[in-house]
Amino acid sequence: MRDALGLPPGDARELGLSLRGLTRLGDVFRAQVTSGIIPGAVVAIARRGKVGYCETFGFRDKAKGAPMTVDSIFRIASMTKPFTSVAAMMLAEEGKLQLVDPVAKYLPAFRGTKVAKSSSDAAPVPAAADMTVHDLLRHTSGLTRGLGTPNAVRALYQKEAVQSREQTLAEQAEKLGRLPLAHQPGTVWDYSVSTDVLARVVEVVAGQAFDSFLAERIWQPLGLKETAFHVPEAKWDRIAEAPEENMAADAPRPFDVRKLYPMVSGGGGMVASIADYLRFAQMLLNGGELEGTRLISRKTLALMTSDHLGGIRHGVTLADFLPGPGYGFGLGFAVRTAPGLCPFPGSRGEFYWSGVFGTRFWVDPEEQLIAVMMLQAPNQRREMAGLLRTLVYQALD
């Protein structure tokens, strides 16, 4: 059972989980499947280092009638970002980089980077400050992304295929260094390709391919068996798929995880099982350590899960990715800064992130709680994320 869940199983009642509340959670998810809102899902709740709830719902591949299984493999998209952030902080702890370092120190293409004159005019003007590694981690780099409210820089990103998987991290960084930034570095939080650039910094500093670094320094030490940038043929029958009816017309289409692309995207390229993500999240909850393996120090983890925005204004994409007031952003995660304000339950100090194809996790240190939801239904991800929060917290005794 431990192998299937990633963490030791525990008695739900002894872990402070209400059987009535868990039954309600399951009933709601089954109703979502029955009504066709989602094709299927896996939901797990862990407390105090043990899994008190793990349930599968619906289909792994609805078109084939294949039922969802605990060992299904999901495209986790932006839930890749916490791995990349941890990788960078490991190198910082080794004295190989500092967060205050200019990105150009490692990626010469960013020397002399210019900034777009305005959102409607990509004419370059001088940057008032250097983009730093800290900016990459907290999405204040001035970079943006190809999707979202149209503006001049996003149009350039689309024209230059900045987020194509048919390029390497090095090639992407060179391309981005030639393009103007959307904002002055350090002035605006704008969810962006910053974490892909951070992955390239990791490659340069570590002197090895990004995926190799993750495998040697994070995946293997933590015992993550399904986490990778593609799925080998022997595991193709475990890939969870998103039916077309669960994708809005403008939603990003899931990529083919059966092949390994040149781009090993640190911002959104990984696959994982729920068991693997539970182990990674437990390492975070433990302050950087799992079962005797320490990746980062507890003080570094505390730094990562603190708000790093302060008075920095939010870009236009904020509402799409943070659940409203009451949250800030740390070094790779959204961070809850207030018990109220947000319309969803949670605790001050809780941190989370999600993936565009429907995955979501959060860690609540106050409750010693981890919740992970794996599904592949892009146009239901926000609704299901809010629903899950309410259902998990109502199940706490």
# chains A, B, ... in the order shown; residues from 1 in each chain; ligands from 1
call {"tool": "residues_around", "arguments": {"residues": "Ala385 of chain A", "least_positions_apart": "4", "cutoff": "7 Å", "atoms": "only C-alpha atoms", "output": "PDB file with N, CA, C and O atoms, in the first residue's frame"}}
result
ATOM      1  N   ARG A 360      -3.709  19.959  -8.994  1.00  0.00           N
ATOM      2  CA  ARG A 360      -3.624  20.967  -7.923  1.00  0.00           C
ATOM      3  C   ARG A 360      -3.074  20.314  -6.660  1.00  0.00           C
ATOM      4  O   ARG A 360      -3.387  19.160  -6.372  1.00  0.00           O
ATOM      5  N   ARG A 381     -10.583  23.237 -14.239  1.00  0.00           N
ATOM      6  CA  ARG A 381      -9.567  23.197 -13.196  1.00  0.00           C
ATOM      7  C   ARG A 381      -9.814  24.209 -12.082  1.00  0.00           C
ATOM      8  O   ARG A 381      -9.602  23.903 -10.910  1.00  0.00           O
ATOM      9  N   ARG A 389     -11.036  22.473  -2.177  1.00  0.00           N
ATOM     10  CA  ARG A 389     -10.638  23.133  -0.929  1.00  0.00           C
ATOM     11  C   ARG A 389     -11.754  23.060   0.105  1.00  0.00           C
ATOM     12  O   ARG A 389     -11.517  22.709   1.267  1.00  0.00           O
TER      13      ARG A 389
END
call {"tool": "select_by_dssp", "arguments": {"residues": "segment 209-241 of chain A", "states": "alpha helix (DSSP H)", "output": "CSV table (one decimal) with C-alpha atoms, in the first residue's frame"}}
result
chain,number,residue,atom,x,y,z
A,210,PHE,CA,18.2,20.1,-16.4
A,211,ASP,CA,16.3,16.8,-16.5
A,212,SER,CA,19.5,14.9,-15.5
A,213,PHE,CA,19.9,17.3,-12.5
A,214,LEU,CA,16.3,16.7,-11.4
A,220,GLN,CA,15.8,9.5,-7.3
A,221,PRO,CA,16.7,10.7,-3.7
A,222,LEU,CA,13.0,11.0,-3.0
call {"tool": "closest_residue", "arguments": {"among": "A:Thr132, A:Thr23, A:Asn379, A:Gln163", "to": "Ala104 of chain A", "atoms": "only C-alpha atoms"}}
result
A:Thr132
call {"tool": "atom_distance", "arguments": {"atom1": "atom CA of Thr195 of chain A", "atom2": "atom CA of Val392 of chain A"}}
result
29.4 Å
call {"tool": "residues_around", "arguments": {"residues": "Thr80 of chain A", "least_positions_apart": "2", "cutoff": "6 Å", "atoms": "only C-alpha atoms", "output": "list in words"}}
result
Ala77, Ser78, Pro82, Phe83, Gly267, Gly268 and Met270 of chain A
call {"tool": "write_last_selection", "arguments": {"atoms": "N, CA and C atoms", "output": "compact mmCIF listing (two decimals), in the first residue's frame"}}
result
# COMPACT_ATOMS: atom_id res chain seq x y z
N ALA A 77 1.88 19.90 -15.76
CA ALA A 77 2.02 21.27 -16.24
C ALA A 77 2.77 22.14 -15.23
N SER A 78 2.15 23.22 -14.74
CA SER A 78 2.85 24.18 -13.89
C SER A 78 3.17 23.65 -12.50
N PRO A 82 7.43 24.08 -8.81
CA PRO A 82 8.05 23.89 -7.49
C PRO A 82 9.32 23.04 -7.54
N PHE A 83 9.37 22.05 -8.43
CA PHE A 83 10.58 21.25 -8.57
C PHE A 83 11.74 22.12 -9.05
N GLY A 267 9.01 25.06 -16.46
CA GLY A 267 7.77 25.74 -16.10
C GLY A 267 6.53 24.89 -16.26
N GLY A 268 6.62 23.78 -17.04
CA GLY A 268 5.39 23.03 -17.24
C GLY A 268 5.51 21.77 -18.05
N MET A 270 6.52 18.40 -16.89
CA MET A 270 6.67 17.11 -16.25
C MET A 270 5.37 16.30 -16.19
call {"tool": "atom_distance", "arguments": {"atom1": "atom CA of Glu94 of chain A", "atom2": "atom CA of Leu303 of chain A"}}
result
15.9 Å
call {"tool": "residues_around", "arguments": {"residues": "Val197 of chain A", "least_positions_apart": "6", "cutoff": "9 Å", "atoms": "only C-alpha atoms", "output": "CSV table (one decimal) with N, CA, C and O atoms, in the first residue's frame"}}
result
chain,number,residue,atom,x,y,z
A,103,VAL,N,20.5,37.7,-13.8
A,103,VAL,CA,20.4,36.5,-14.7
A,103,VAL,C,21.5,36.5,-15.8
A,103,VAL,O,22.0,35.5,-16.2
A,107,LEU,N,23.4,33.8,-18.1
A,107,LEU,CA,22.8,33.7,-19.4
A,107,LEU,C,23.1,35.1,-20.1
A,107,LEU,O,22.4,36.0,-20.0
A,136,LEU,N,13.2,35.7,-11.2
A,136,LEU,CA,12.7,34.5,-11.9
A,136,LEU,C,11.9,33.7,-11.0
A,136,LEU,O,10.8,33.2,-11.4
A,169,LEU,N,16.1,24.5,-23.8
A,169,LEU,CA,16.1,25.6,-22.9
A,169,LEU,C,17.1,26.7,-23.3
A,169,LEU,O,16.8,27.9,-23.2
A,170,ALA,N,18.2,26.2,-23.8
A,170,ALA,CA,19.3,27.2,-24.2
A,170,ALA,C,18.8,28.0,-25.4
A,170,ALA,O,18.9,29.3,-25.4
A,172,GLN,N,15.6,28.7,-26.2
A,172,GLN,CA,14.6,29.5,-25.7
A,172,GLN,C,15.1,30.8,-25.0
A,172,GLN,O,14.7,31.9,-25.2
A,173,ALA,N,16.1,30.5,-24.1
A,173,ALA,CA,16.7,31.7,-23.4
A,173,ALA,C,17.4,32.7,-24.4
A,173,ALA,O,17.2,33.9,-24.2
A,176,LEU,N,14.5,34.7,-25.9
A,176,LEU,CA,13.9,35.6,-25.0
A,176,LEU,C,14.9,36.8,-24.7
A,176,LEU,O,14.4,37.9,-24.5
A,266,GLY,N,11.0,23.6,-17.5
A,266,GLY,CA,11.0,23.8,-16.0
A,266,GLY,C,9.7,24.4,-15.5
A,266,GLY,O,9.4,24.4,-14.4
A,267,GLY,N,9.0,25.1,-16.5
A,267,GLY,CA,7.8,25.7,-16.1
A,267,GLY,C,6.5,24.9,-16.3
A,267,GLY,O,5.5,25.2,-15.7
call {"tool": "atom_distance", "arguments": {"atom1": "atom CA of Arg348 of chain A", "atom2": "atom CA of Arg145 of chain A"}}
result
29.4 Å
call {"tool": "closest_residue", "arguments": {"among": "A:Glu289, A:Thr69, A:Ser85, A:Phe74", "to": "Asp256 of chain A", "atoms": "only C-alpha atoms"}}
result
A:Phe74
call {"tool": "residues_around", "arguments": {"residues": "His134 of chain A", "least_positions_apart": "2", "cutoff": "10 Å", "atoms": "only C-alpha atoms", "output": "PyMOL selection string"}}
result
chain A and resi 98-103+131-132+136-141+186+198+308+330-331
call {"tool": "closest_residue", "arguments": {"among": "A:Val193, A:Ile370, A:Ala234, A:Ala88", "to": "Leu295 of chain A", "atoms": "only C-alpha atoms"}}
result
A:Ala88
call {"tool": "residues_around", "arguments": {"residues": "Val335 of chain A", "least_positions_apart": "2", "cutoff": "12 Å", "atoms": "only C-alpha atoms", "output": "PyMOL selection string"}}
result
chain A and resi 138+302-310+322-333+337-339+342+346-353+362-365
call {"tool": "closest_residue", "arguments": {"among": "A:Tyr393, A:Phe357, A:Phe344, A:Trp219", "to": "Pro243 of chain A", "atoms": "only C-alpha atoms"}}
result
A:Phe357
call {"tool": "residues_around", "arguments": {"residues": "Arg30 of chain A", "least_positions_apart": "3", "cutoff": "12 Å", "atoms": "only C-alpha atoms", "output": "list in words"}}
result
Thr23, Arg24, Leu25, Gly26, Asp27, Val33, Thr34, Ser35, Gly36, Ile37, Ile38, Pro39, Gly40, Ala41, Val42, Val43, Glu55, Thr56, Phe57, Gly58 and Phe59 of chain A
call {"tool": "write_last_selection", "arguments": {"atoms": "N, CA and C atoms", "output": "PDB file, in the first residue's frame"}}
result
ATOM      1  N   THR A  23     -16.893  10.983   2.975  1.00  0.00           N
ATOM      2  CA  THR A  23     -17.968  10.417   2.153  1.00  0.00           C
ATOM      3  C   THR A  23     -18.595  11.500   1.295  1.00  0.00           C
ATOM      4  N   ARG A  24     -18.796  12.669   1.883  1.00  0.00           N
ATOM      5  CA  ARG A  24     -19.360  13.797   1.133  1.00  0.00           C
ATOM      6  C   ARG A  24     -18.434  14.182  -0.021  1.00  0.00           C
ATOM      7  N   LEU A  25     -17.127  14.243   0.247  1.00  0.00           N
ATOM      8  CA  LEU A  25     -16.162  14.574  -0.799  1.00  0.00           C
ATOM      9  C   LEU A  25     -16.285  13.587  -1.962  1.00  0.00           C
ATOM     10  N   GLY A  26     -16.305  12.301  -1.641  1.00  0.00           N
ATOM     11  CA  GLY A  26     -16.411  11.285  -2.678  1.00  0.00           C
ATOM     12  C   GLY A  26     -17.700  11.385  -3.464  1.00  0.00           C
ATOM     13  N   ASP A  27     -18.804  11.641  -2.761  1.00  0.00           N
ATOM     14  CA  ASP A  27     -20.098  11.765  -3.441  1.00  0.00           C
ATOM     15  C   ASP A  27     -20.091  12.929  -4.432  1.00  0.00           C
ATOM     16  N   VAL A  33     -18.327  13.420 -12.141  1.00  0.00           N
ATOM     17  CA  VAL A  33     -18.046  12.475 -13.226  1.00  0.00           C
ATOM     18  C   VAL A  33     -19.334  12.086 -13.940  1.00  0.00           C
ATOM     19  N   THR A  34     -20.356  11.744 -13.157  1.00  0.00           N
ATOM     20  CA  THR A  34     -21.630  11.319 -13.730  1.00  0.00           C
ATOM     21  C   THR A  34     -22.229  12.384 -14.638  1.00  0.00           C
ATOM     22  N   SER A  35     -22.082  13.654 -14.233  1.00  0.00           N
ATOM     23  CA  SER A  35     -22.642  14.754 -15.015  1.00  0.00           C
ATOM     24  C   SER A  35     -21.762  15.149 -16.192  1.00  0.00           C
ATOM     25  N   GLY A  36     -20.586  14.540 -16.313  1.00  0.00           N
ATOM     26  CA  GLY A  36     -19.702  14.839 -17.428  1.00  0.00           C
ATOM     27  C   GLY A  36     -18.854  16.075 -17.246  1.00  0.00           C
ATOM     28  N   ILE A  37     -18.877  16.663 -16.055  1.00  0.00           N
ATOM     29  CA  ILE A  37     -18.084  17.866 -15.809  1.00  0.00           C
ATOM     30  C   ILE A  37     -16.594  17.541 -15.838  1.00  0.00           C
ATOM     31  N   ILE A  38     -16.210  16.405 -15.277  1.00  0.00           N
ATOM     32  CA  ILE A  38     -14.830  15.930 -15.356  1.00  0.00           C
ATOM     33  C   ILE A  38     -14.849  14.477 -15.828  1.00  0.00           C
ATOM     34  N   PRO A  39     -13.806  14.025 -16.516  1.00  0.00           N
ATOM     35  CA  PRO A  39     -13.782  12.625 -16.943  1.00  0.00           C
ATOM     36  C   PRO A  39     -13.427  11.678 -15.804  1.00  0.00           C
ATOM     37  N   GLY A  40     -12.573  12.127 -14.898  1.00  0.00           N
ATOM     38  CA  GLY A  40     -12.128  11.299 -13.790  1.00  0.00           C
ATOM     39  C   GLY A  40     -11.102  12.039 -12.972  1.00  0.00           C
ATOM     40  N   ALA A  41     -10.728  11.489 -11.840  1.00  0.00           N
ATOM     41  CA  ALA A  41      -9.770  12.164 -10.962  1.00  0.00           C
ATOM     42  C   ALA A  41      -9.235  11.176  -9.940  1.00  0.00           C
ATOM     43  N   VAL A  42      -8.111  11.556  -9.343  1.00  0.00           N
ATOM     44  CA  VAL A  42      -7.597  10.899  -8.143  1.00  0.00           C
ATOM     45  C   VAL A  42      -7.410  12.002  -7.113  1.00  0.00           C
ATOM     46  N   VAL A  43      -7.896  11.786  -5.906  1.00  0.00           N
ATOM     47  CA  VAL A  43      -7.783  12.771  -4.829  1.00  0.00           C
ATOM     48  C   VAL A  43      -7.156  12.085  -3.616  1.00  0.00           C
ATOM     49  N   GLU A  55      -8.741   8.275  -3.228  1.00  0.00           N
ATOM     50  CA  GLU A  55      -9.869   7.699  -3.950  1.00  0.00           C
ATOM     51  C   GLU A  55      -9.762   8.029  -5.436  1.00  0.00           C
ATOM     52  N   THR A  56     -10.165   7.085  -6.262  1.00  0.00           N
ATOM     53  CA  THR A  56     -10.215   7.305  -7.702  1.00  0.00           C
ATOM     54  C   THR A  56     -11.666   7.485  -8.139  1.00  0.00           C
ATOM     55  N   PHE A  57     -11.838   8.273  -9.197  1.00  0.00           N
ATOM     56  CA  PHE A  57     -13.177   8.563  -9.708  1.00  0.00           C
ATOM     57  C   PHE A  57     -13.157   8.516 -11.233  1.00  0.00           C
ATOM     58  N   GLY A  58     -14.170   7.913 -11.833  1.00  0.00           N
ATOM     59  CA  GLY A  58     -14.354   7.995 -13.265  1.00  0.00           C
ATOM     60  C   GLY A  58     -13.288   7.313 -14.088  1.00  0.00           C
ATOM     61  N   PHE A  59     -12.881   8.005 -15.159  1.00  0.00           N
ATOM     62  CA  PHE A  59     -12.054   7.389 -16.182  1.00  0.00           C
ATOM     63  C   PHE A  59     -10.663   8.006 -16.284  1.00  0.00           C
TER      64      PHE A  59
END
call {"tool": "decode", "arguments": {"residues": "segment 2-27 of chain A", "atoms": "N, CA and C atoms", "output": "PDB file, in the first residue's frame"}}
result
ATOM      1  N   ARG A   2       1.976   1.224   0.755  1.00  0.00           N
ATOM      2  CA  ARG A   2       2.860   2.384   0.814  1.00  0.00           C
ATOM      3  C   ARG A   2       3.366   2.749  -0.582  1.00  0.00           C
ATOM      4  N   ASP A   3       3.752   1.727  -1.395  1.00  0.00           N
ATOM      5  CA  ASP A   3       4.236   2.000  -2.741  1.00  0.00           C
ATOM      6  C   ASP A   3       3.157   2.643  -3.594  1.00  0.00           C
ATOM      7  N   ALA A   4       1.914   2.191  -3.410  1.00  0.00           N
ATOM      8  CA  ALA A   4       0.809   2.718  -4.213  1.00  0.00           C
ATOM      9  C   ALA A   4       0.484   4.162  -3.854  1.00  0.00           C
ATOM     10  N   LEU A   5       0.644   4.521  -2.576  1.00  0.00           N
ATOM     11  CA  LEU A   5       0.256   5.846  -2.107  1.00  0.00           C
ATOM     12  C   LEU A   5       1.420   6.807  -1.980  1.00  0.00           C
ATOM     13  N   GLY A   6       2.638   6.294  -1.961  1.00  0.00           N
ATOM     14  CA  GLY A   6       3.798   7.156  -1.803  1.00  0.00           C
ATOM     15  C   GLY A   6       4.183   7.394  -0.360  1.00  0.00           C
ATOM     16  N   LEU A   7       3.196   7.422   0.524  1.00  0.00           N
ATOM     17  CA  LEU A   7       3.398   7.617   1.957  1.00  0.00           C
ATOM     18  C   LEU A   7       2.676   6.504   2.711  1.00  0.00           C
ATOM     19  N   PRO A   8       2.998   6.270   3.976  1.00  0.00           N
ATOM     20  CA  PRO A   8       2.311   5.220   4.733  1.00  0.00           C
ATOM     21  C   PRO A   8       0.821   5.499   4.855  1.00  0.00           C
ATOM     22  N   PRO A   9      -0.016   4.484   4.777  1.00  0.00           N
ATOM     23  CA  PRO A   9      -1.448   4.686   5.008  1.00  0.00           C
ATOM     24  C   PRO A   9      -1.726   4.894   6.486  1.00  0.00           C
ATOM     25  N   GLY A  10      -2.777   5.645   6.774  1.00  0.00           N
ATOM     26  CA  GLY A  10      -3.168   5.874   8.160  1.00  0.00           C
ATOM     27  C   GLY A  10      -4.668   5.765   8.325  1.00  0.00           C
ATOM     28  N   ASP A  11      -5.098   5.617   9.555  1.00  0.00           N
ATOM     29  CA  ASP A  11      -6.532   5.579   9.853  1.00  0.00           C
ATOM     30  C   ASP A  11      -7.084   6.995   9.795  1.00  0.00           C
ATOM     31  N   ALA A  12      -8.094   7.210   8.959  1.00  0.00           N
ATOM     32  CA  ALA A  12      -8.629   8.551   8.749  1.00  0.00           C
ATOM     33  C   ALA A  12      -9.057   9.205  10.060  1.00  0.00           C
ATOM     34  N   ARG A  13      -9.736   8.479  10.909  1.00  0.00           N
ATOM     35  CA  ARG A  13     -10.226   9.059  12.159  1.00  0.00           C
ATOM     36  C   ARG A  13      -9.084   9.435  13.091  1.00  0.00           C
ATOM     37  N   GLU A  14      -8.054   8.588  13.135  1.00  0.00           N
ATOM     38  CA  GLU A  14      -6.907   8.902  13.978  1.00  0.00           C
ATOM     39  C   GLU A  14      -6.139  10.128  13.458  1.00  0.00           C
ATOM     40  N   LEU A  15      -6.245  10.380  12.155  1.00  0.00           N
ATOM     41  CA  LEU A  15      -5.591  11.547  11.551  1.00  0.00           C
ATOM     42  C   LEU A  15      -6.467  12.793  11.596  1.00  0.00           C
ATOM     43  N   GLY A  16      -7.614  12.696  12.232  1.00  0.00           N
ATOM     44  CA  GLY A  16      -8.494  13.857  12.369  1.00  0.00           C
ATOM     45  C   GLY A  16      -9.330  14.137  11.143  1.00  0.00           C
ATOM     46  N   LEU A  17      -9.647  13.095  10.387  1.00  0.00           N
ATOM     47  CA  LEU A  17     -10.502  13.242   9.211  1.00  0.00           C
ATOM     48  C   LEU A  17     -11.865  12.625   9.499  1.00  0.00           C
ATOM     49  N   SER A  18     -12.898  13.333   9.181  1.00  0.00           N
ATOM     50  CA  SER A  18     -14.264  12.889   9.427  1.00  0.00           C
ATOM     51  C   SER A  18     -14.706  11.917   8.334  1.00  0.00           C
ATOM     52  N   LEU A  19     -15.167  10.760   8.713  1.00  0.00           N
ATOM     53  CA  LEU A  19     -15.655   9.804   7.722  1.00  0.00           C
ATOM     54  C   LEU A  19     -16.863  10.363   6.979  1.00  0.00           C
ATOM     55  N   ARG A  20     -17.697  11.081   7.716  1.00  0.00           N
ATOM     56  CA  ARG A  20     -18.857  11.711   7.064  1.00  0.00           C
ATOM     57  C   ARG A  20     -18.392  12.731   6.034  1.00  0.00           C
ATOM     58  N   GLY A  21     -17.374  13.531   6.393  1.00  0.00           N
ATOM     59  CA  GLY A  21     -16.868  14.535   5.472  1.00  0.00           C
ATOM     60  C   GLY A  21     -16.197  13.929   4.257  1.00  0.00           C
ATOM     61  N   LEU A  22     -15.459  12.826   4.455  1.00  0.00           N
ATOM     62  CA  LEU A  22     -14.801  12.170   3.333  1.00  0.00           C
ATOM     63  C   LEU A  22     -15.821  11.531   2.399  1.00  0.00           C
ATOM     64  N   THR A  23     -16.893  10.983   2.975  1.00  0.00           N
ATOM     65  CA  THR A  23     -17.968  10.417   2.153  1.00  0.00           C
ATOM     66  C   THR A  23     -18.595  11.500   1.295  1.00  0.00           C
ATOM     67  N   ARG A  24     -18.796  12.669   1.883  1.00  0.00           N
ATOM     68  CA  ARG A  24     -19.360  13.797   1.133  1.00  0.00           C
ATOM     69  C   ARG A  24     -18.434  14.182  -0.021  1.00  0.00           C
ATOM     70  N   LEU A  25     -17.127  14.243   0.247  1.00  0.00           N
ATOM     71  CA  LEU A  25     -16.162  14.574  -0.799  1.00  0.00           C
ATOM     72  C   LEU A  25     -16.285  13.587  -1.962  1.00  0.00           C
ATOM     73  N   GLY A  26     -16.305  12.301  -1.641  1.00  0.00           N
ATOM     74  CA  GLY A  26     -16.411  11.285  -2.678  1.00  0.00           C
ATOM     75  C   GLY A  26     -17.700  11.385  -3.464  1.00  0.00           C
ATOM     76  N   ASP A  27     -18.804  11.641  -2.761  1.00  0.00           N
ATOM     77  CA  ASP A  27     -20.098  11.765  -3.441  1.00  0.00           C
ATOM     78  C   ASP A  27     -20.091  12.929  -4.432  1.00  0.00           C
TER      79      ASP A  27
END
